[in-house]
Amino acid sequence: MTPPPVVVFPDAELVAVTILRAGLDKDATVGTEWPDDLLQKIVGGVVSVTRGGGAVVQRYVTEDVTLDIDILAADKGQAHDLAQLVRAHLRAAEGSTVDGAQIYTVADVSLIWLPYEPAAETAPIPRYVLVMQMRLRGRPAT
């Protein structure tokens with residue numbers, strides 16, 4: 001009996017961060033965690049991409065990955081505009097290859113307003129949470 005192939009799926013966080021760093025304004029901070037100097041960075045906008053759930057769709061071929069994306073900015077309007085740009089850049093990547101990852105589809109799941117209030121004495125930080133899904137193709141392990 002032939003053993004099943006060893007298939008490696010791409011790092012979806014890295015794929016999304018690569019797309020967004022290339023497409024968004026250079027003043028925006030894009031990464032996989034909130035920066036330590038968050039209050040200084042929100043002036044240009046902060047985008048933090050985290051992998052949520054995901055599952056193989058077609059065995060050894062594709063997987064659907066959910067991305068939870070925090071978008072923080074100086075005010076609600078800026079946060080909304082940045083969220084729409086993030087959505088647009090990720091949607092535009094559908095059908096492309098980024099860092100060796102083939103992106104088959106990109107879909108919206110939700111976009112919600114979620115102000116962040118860490119403590120009573122701290123002003124809320126305008127925040128949207130965008131959830132998107134990407135279908136990515138795996139590749140044989142080398």
# chains A, B, ... in the order shown; residues from 1 in each chain; ligands from 1
>>> select_by_dssp(residues="region 40-124 of chain A", states="alpha helix (DSSP H)", output="PDB file with N, CA and C atoms, in the first residue's frame")
ATOM      1  N   GLN A  40       0.656  54.910  19.950  1.00  0.00           N
ATOM      2  CA  GLN A  40       1.357  55.736  18.961  1.00  0.00           C
ATOM      3  C   GLN A  40       1.052  55.266  17.534  1.00  0.00           C
ATOM      4  N   LYS A  41       0.874  53.987  17.362  1.00  0.00           N
ATOM      5  CA  LYS A  41       0.675  53.410  16.024  1.00  0.00           C
ATOM      6  C   LYS A  41      -0.731  53.611  15.479  1.00  0.00           C
ATOM      7  N   LYS A  76     -13.327  56.374  14.501  1.00  0.00           N
ATOM      8  CA  LYS A  76     -14.165  55.345  13.892  1.00  0.00           C
ATOM      9  C   LYS A  76     -14.157  55.422  12.371  1.00  0.00           C
ATOM     10  N   GLY A  77     -14.190  56.625  11.818  1.00  0.00           N
ATOM     11  CA  GLY A  77     -14.171  56.773  10.360  1.00  0.00           C
ATOM     12  C   GLY A  77     -12.901  56.221   9.733  1.00  0.00           C
ATOM     13  N   GLN A  78     -11.763  56.519  10.344  1.00  0.00           N
ATOM     14  CA  GLN A  78     -10.491  55.996   9.839  1.00  0.00           C
ATOM     15  C   GLN A  78     -10.453  54.476   9.957  1.00  0.00           C
ATOM     16  N   ALA A  79     -10.952  53.950  11.080  1.00  0.00           N
ATOM     17  CA  ALA A  79     -10.972  52.499  11.270  1.00  0.00           C
ATOM     18  C   ALA A  79     -11.861  51.835  10.220  1.00  0.00           C
ATOM     19  N   HIS A  80     -13.013  52.443   9.937  1.00  0.00           N
ATOM     20  CA  HIS A  80     -13.921  51.895   8.931  1.00  0.00           C
ATOM     21  C   HIS A  80     -13.269  51.900   7.549  1.00  0.00           C
ATOM     22  N   ASP A  81     -12.667  53.034   7.179  1.00  0.00           N
ATOM     23  CA  ASP A  81     -12.016  53.136   5.868  1.00  0.00           C
ATOM     24  C   ASP A  81     -10.886  52.117   5.734  1.00  0.00           C
ATOM     25  N   LEU A  82     -10.107  51.956   6.802  1.00  0.00           N
ATOM     26  CA  LEU A  82      -9.010  50.988   6.770  1.00  0.00           C
ATOM     27  C   LEU A  82      -9.559  49.561   6.663  1.00  0.00           C
ATOM     28  N   ALA A  83     -10.640  49.268   7.365  1.00  0.00           N
ATOM     29  CA  ALA A  83     -11.259  47.937   7.273  1.00  0.00           C
ATOM     30  C   ALA A  83     -11.713  47.657   5.847  1.00  0.00           C
ATOM     31  N   GLN A  84     -12.285  48.648   5.193  1.00  0.00           N
ATOM     32  CA  GLN A  84     -12.739  48.458   3.808  1.00  0.00           C
ATOM     33  C   GLN A  84     -11.554  48.255   2.862  1.00  0.00           C
ATOM     34  N   LEU A  85     -10.444  48.953   3.103  1.00  0.00           N
ATOM     35  CA  LEU A  85      -9.240  48.751   2.282  1.00  0.00           C
ATOM     36  C   LEU A  85      -8.661  47.357   2.491  1.00  0.00           C
ATOM     37  N   VAL A  86      -8.621  46.915   3.744  1.00  0.00           N
ATOM     38  CA  VAL A  86      -8.128  45.561   4.044  1.00  0.00           C
ATOM     39  C   VAL A  86      -8.971  44.543   3.297  1.00  0.00           C
ATOM     40  N   ARG A  87     -10.278  44.671   3.402  1.00  0.00           N
ATOM     41  CA  ARG A  87     -11.205  43.770   2.709  1.00  0.00           C
ATOM     42  C   ARG A  87     -10.942  43.786   1.206  1.00  0.00           C
ATOM     43  N   ALA A  88     -10.806  44.972   0.631  1.00  0.00           N
ATOM     44  CA  ALA A  88     -10.615  45.103  -0.819  1.00  0.00           C
ATOM     45  C   ALA A  88      -9.303  44.471  -1.284  1.00  0.00           C
ATOM     46  N   HIS A  89      -8.220  44.695  -0.537  1.00  0.00           N
ATOM     47  CA  HIS A  89      -6.930  44.120  -0.941  1.00  0.00           C
ATOM     48  C   HIS A  89      -6.933  42.600  -0.849  1.00  0.00           C
ATOM     49  N   LEU A  90      -7.556  42.068   0.193  1.00  0.00           N
ATOM     50  CA  LEU A  90      -7.619  40.603   0.302  1.00  0.00           C
ATOM     51  C   LEU A  90      -8.506  40.011  -0.789  1.00  0.00           C
ATOM     52  N   ARG A  91      -9.632  40.661  -1.070  1.00  0.00           N
ATOM     53  CA  ARG A  91     -10.508  40.163  -2.154  1.00  0.00           C
ATOM     54  C   ARG A  91      -9.788  40.212  -3.498  1.00  0.00           C
ATOM     55  N   ALA A  92      -9.003  41.260  -3.718  1.00  0.00           N
ATOM     56  CA  ALA A  92      -8.281  41.405  -4.989  1.00  0.00           C
ATOM     57  C   ALA A  92      -7.205  40.339  -5.182  1.00  0.00           C
TER      58      ALA A  92
END
>>> closest_atom_pairs(of="region 66-133 of chain A", to="region 4-10 of chain A", cutoff="9 Å", atoms="only C-alpha atoms", output="Markdown table")
| residue | atom | partner | partner_atom | distance |
| --- | --- | --- | --- | --- |
| A:Asp99 | CA | A:Pro10 | CA | 8.7 |
| A:Gly100 | CA | A:Pro10 | CA | 7.9 |
| A:Ala101 | CA | A:Pro10 | CA | 5.8 |
| A:Gln102 | CA | A:Pro10 | CA | 8.7 |
>>> closest_residue(among="A:Tyr104, A:Met132, A:Trp113, A:Thr29", to="Val61 (chain A)", atoms="only C-alpha atoms")
A:Tyr104
>>> select_by_dssp(residues="chain A", states="strand (DSSP E)", output="ChimeraX atom specification")
/A:7-8,29-31,46-58,62-72,97-98,101-113,127-137,139-140
>>> residues_around(residues="Val56 (chain A)", least_positions_apart="5", cutoff="10 Å", atoms="only C-alpha atoms", output="list in words")
Phe9, Val61, Thr62, Glu63, Asp64, Val65, Arg135, Leu136, Arg137 and Gly138 of chain A
>>> residues_around(residues="Gly52 (chain A)", least_positions_apart="6", cutoff="7 Å", atoms="only C-alpha atoms", output="list of chain:residue names")
A:Thr66, A:Leu67, A:Asp68
>>> write_last_selection(atoms="all heavy atoms", output="PDB file, in the first residue's frame")
ATOM      1  N   THR A  66      -9.912  30.595   8.138  1.00  0.00           N
ATOM      2  CA  THR A  66     -10.584  31.797   8.615  1.00  0.00           C
ATOM      3  C   THR A  66      -9.543  32.734   9.202  1.00  0.00           C
ATOM      4  O   THR A  66      -8.677  32.307   9.976  1.00  0.00           O
ATOM      5  CB  THR A  66     -11.631  31.437   9.690  1.00  0.00           C
ATOM      6  OG1 THR A  66     -12.578  30.540   9.107  1.00  0.00           O
ATOM      7  CG2 THR A  66     -12.352  32.671  10.182  1.00  0.00           C
ATOM      8  N   LEU A  67      -9.622  34.017   8.818  1.00  0.00           N
ATOM      9  CA  LEU A  67      -8.717  35.034   9.327  1.00  0.00           C
ATOM     10  C   LEU A  67      -9.509  36.040  10.149  1.00  0.00           C
ATOM     11  O   LEU A  67     -10.488  36.614   9.659  1.00  0.00           O
ATOM     12  CB  LEU A  67      -8.020  35.747   8.163  1.00  0.00           C
ATOM     13  CG  LEU A  67      -7.145  34.871   7.274  1.00  0.00           C
ATOM     14  CD1 LEU A  67      -6.684  35.645   6.056  1.00  0.00           C
ATOM     15  CD2 LEU A  67      -5.957  34.341   8.058  1.00  0.00           C
ATOM     16  N   ASP A  68      -9.105  36.237  11.385  1.00  0.00           N
ATOM     17  CA  ASP A  68      -9.682  37.256  12.257  1.00  0.00           C
ATOM     18  C   ASP A  68      -8.747  38.463  12.190  1.00  0.00           C
ATOM     19  O   ASP A  68      -7.558  38.344  12.528  1.00  0.00           O
ATOM     20  CB  ASP A  68      -9.788  36.748  13.688  1.00  0.00           C
ATOM     21  CG  ASP A  68     -10.680  35.523  13.796  1.00  0.00           C
ATOM     22  OD1 ASP A  68     -11.720  35.489  13.109  1.00  0.00           O
ATOM     23  OD2 ASP A  68     -10.342  34.603  14.563  1.00  0.00           O
TER      24      ASP A  68
END
>>> residues_around(residues="Ile19 (chain A)", least_positions_apart="3", cutoff="8 Å", atoms="only C-alpha atoms", output="count of residues only")
8
>>> residues_around(residues="Val46 (chain A)", least_positions_apart="5", cutoff="6 Å", atoms="only C-alpha atoms", output="PyMOL selection string")
chain A and resi 28-29+71-72
>>> write_last_selection(atoms="N, CA, C and O atoms", output="PDB file, in the first residue's frame")
ATOM      1  N   ALA A  28       0.445  52.564   7.969  1.00  0.00           N
ATOM      2  CA  ALA A  28      -0.307  51.520   8.664  1.00  0.00           C
ATOM      3  C   ALA A  28       0.655  50.457   9.187  1.00  0.00           C
ATOM      4  O   ALA A  28       1.595  50.063   8.502  1.00  0.00           O
ATOM      5  N   THR A  29       0.421  50.003  10.397  1.00  0.00           N
ATOM      6  CA  THR A  29       1.215  48.931  10.989  1.00  0.00           C
ATOM      7  C   THR A  29       0.458  47.628  10.764  1.00  0.00           C
ATOM      8  O   THR A  29      -0.678  47.482  11.204  1.00  0.00           O
ATOM      9  N   ILE A  71      -8.726  45.768  13.278  1.00  0.00           N
ATOM     10  CA  ILE A  71      -8.367  47.024  12.620  1.00  0.00           C
ATOM     11  C   ILE A  71      -8.631  48.138  13.618  1.00  0.00           C
ATOM     12  O   ILE A  71      -9.766  48.360  14.032  1.00  0.00           O
ATOM     13  N   LEU A  72      -7.559  48.808  14.033  1.00  0.00           N
ATOM     14  CA  LEU A  72      -7.648  49.881  15.014  1.00  0.00           C
ATOM     15  C   LEU A  72      -7.135  51.172  14.389  1.00  0.00           C
ATOM     16  O   LEU A  72      -6.198  51.146  13.583  1.00  0.00           O
TER      17      LEU A  72
END
>>> residues_around(residues="Val129 (chain A)", least_positions_apart="5", cutoff="6 Å", atoms="only C-alpha atoms", output="ChimeraX atom specification")
/A:69-70,111-112
>>> atom_distance(atom1="CA of Val43 (chain A)", atom2="CA of Asp75 (chain A)")
8.8 Å
>>> atom_distance(atom1="CA of Ala73 (chain A)", atom2="CA of Ile125 (chain A)")
7.0 Å
>>> atom_distance(atom1="CA of Ile42 (chain A)", atom2="CA of Ala74 (chain A)")
5.4 Å
>>> closest_residue(among="A:Thr97, A:Gln58, A:Ser48, A:Asp108", to="Met134 (chain A)", atoms="only C-alpha atoms")
A:Asp108
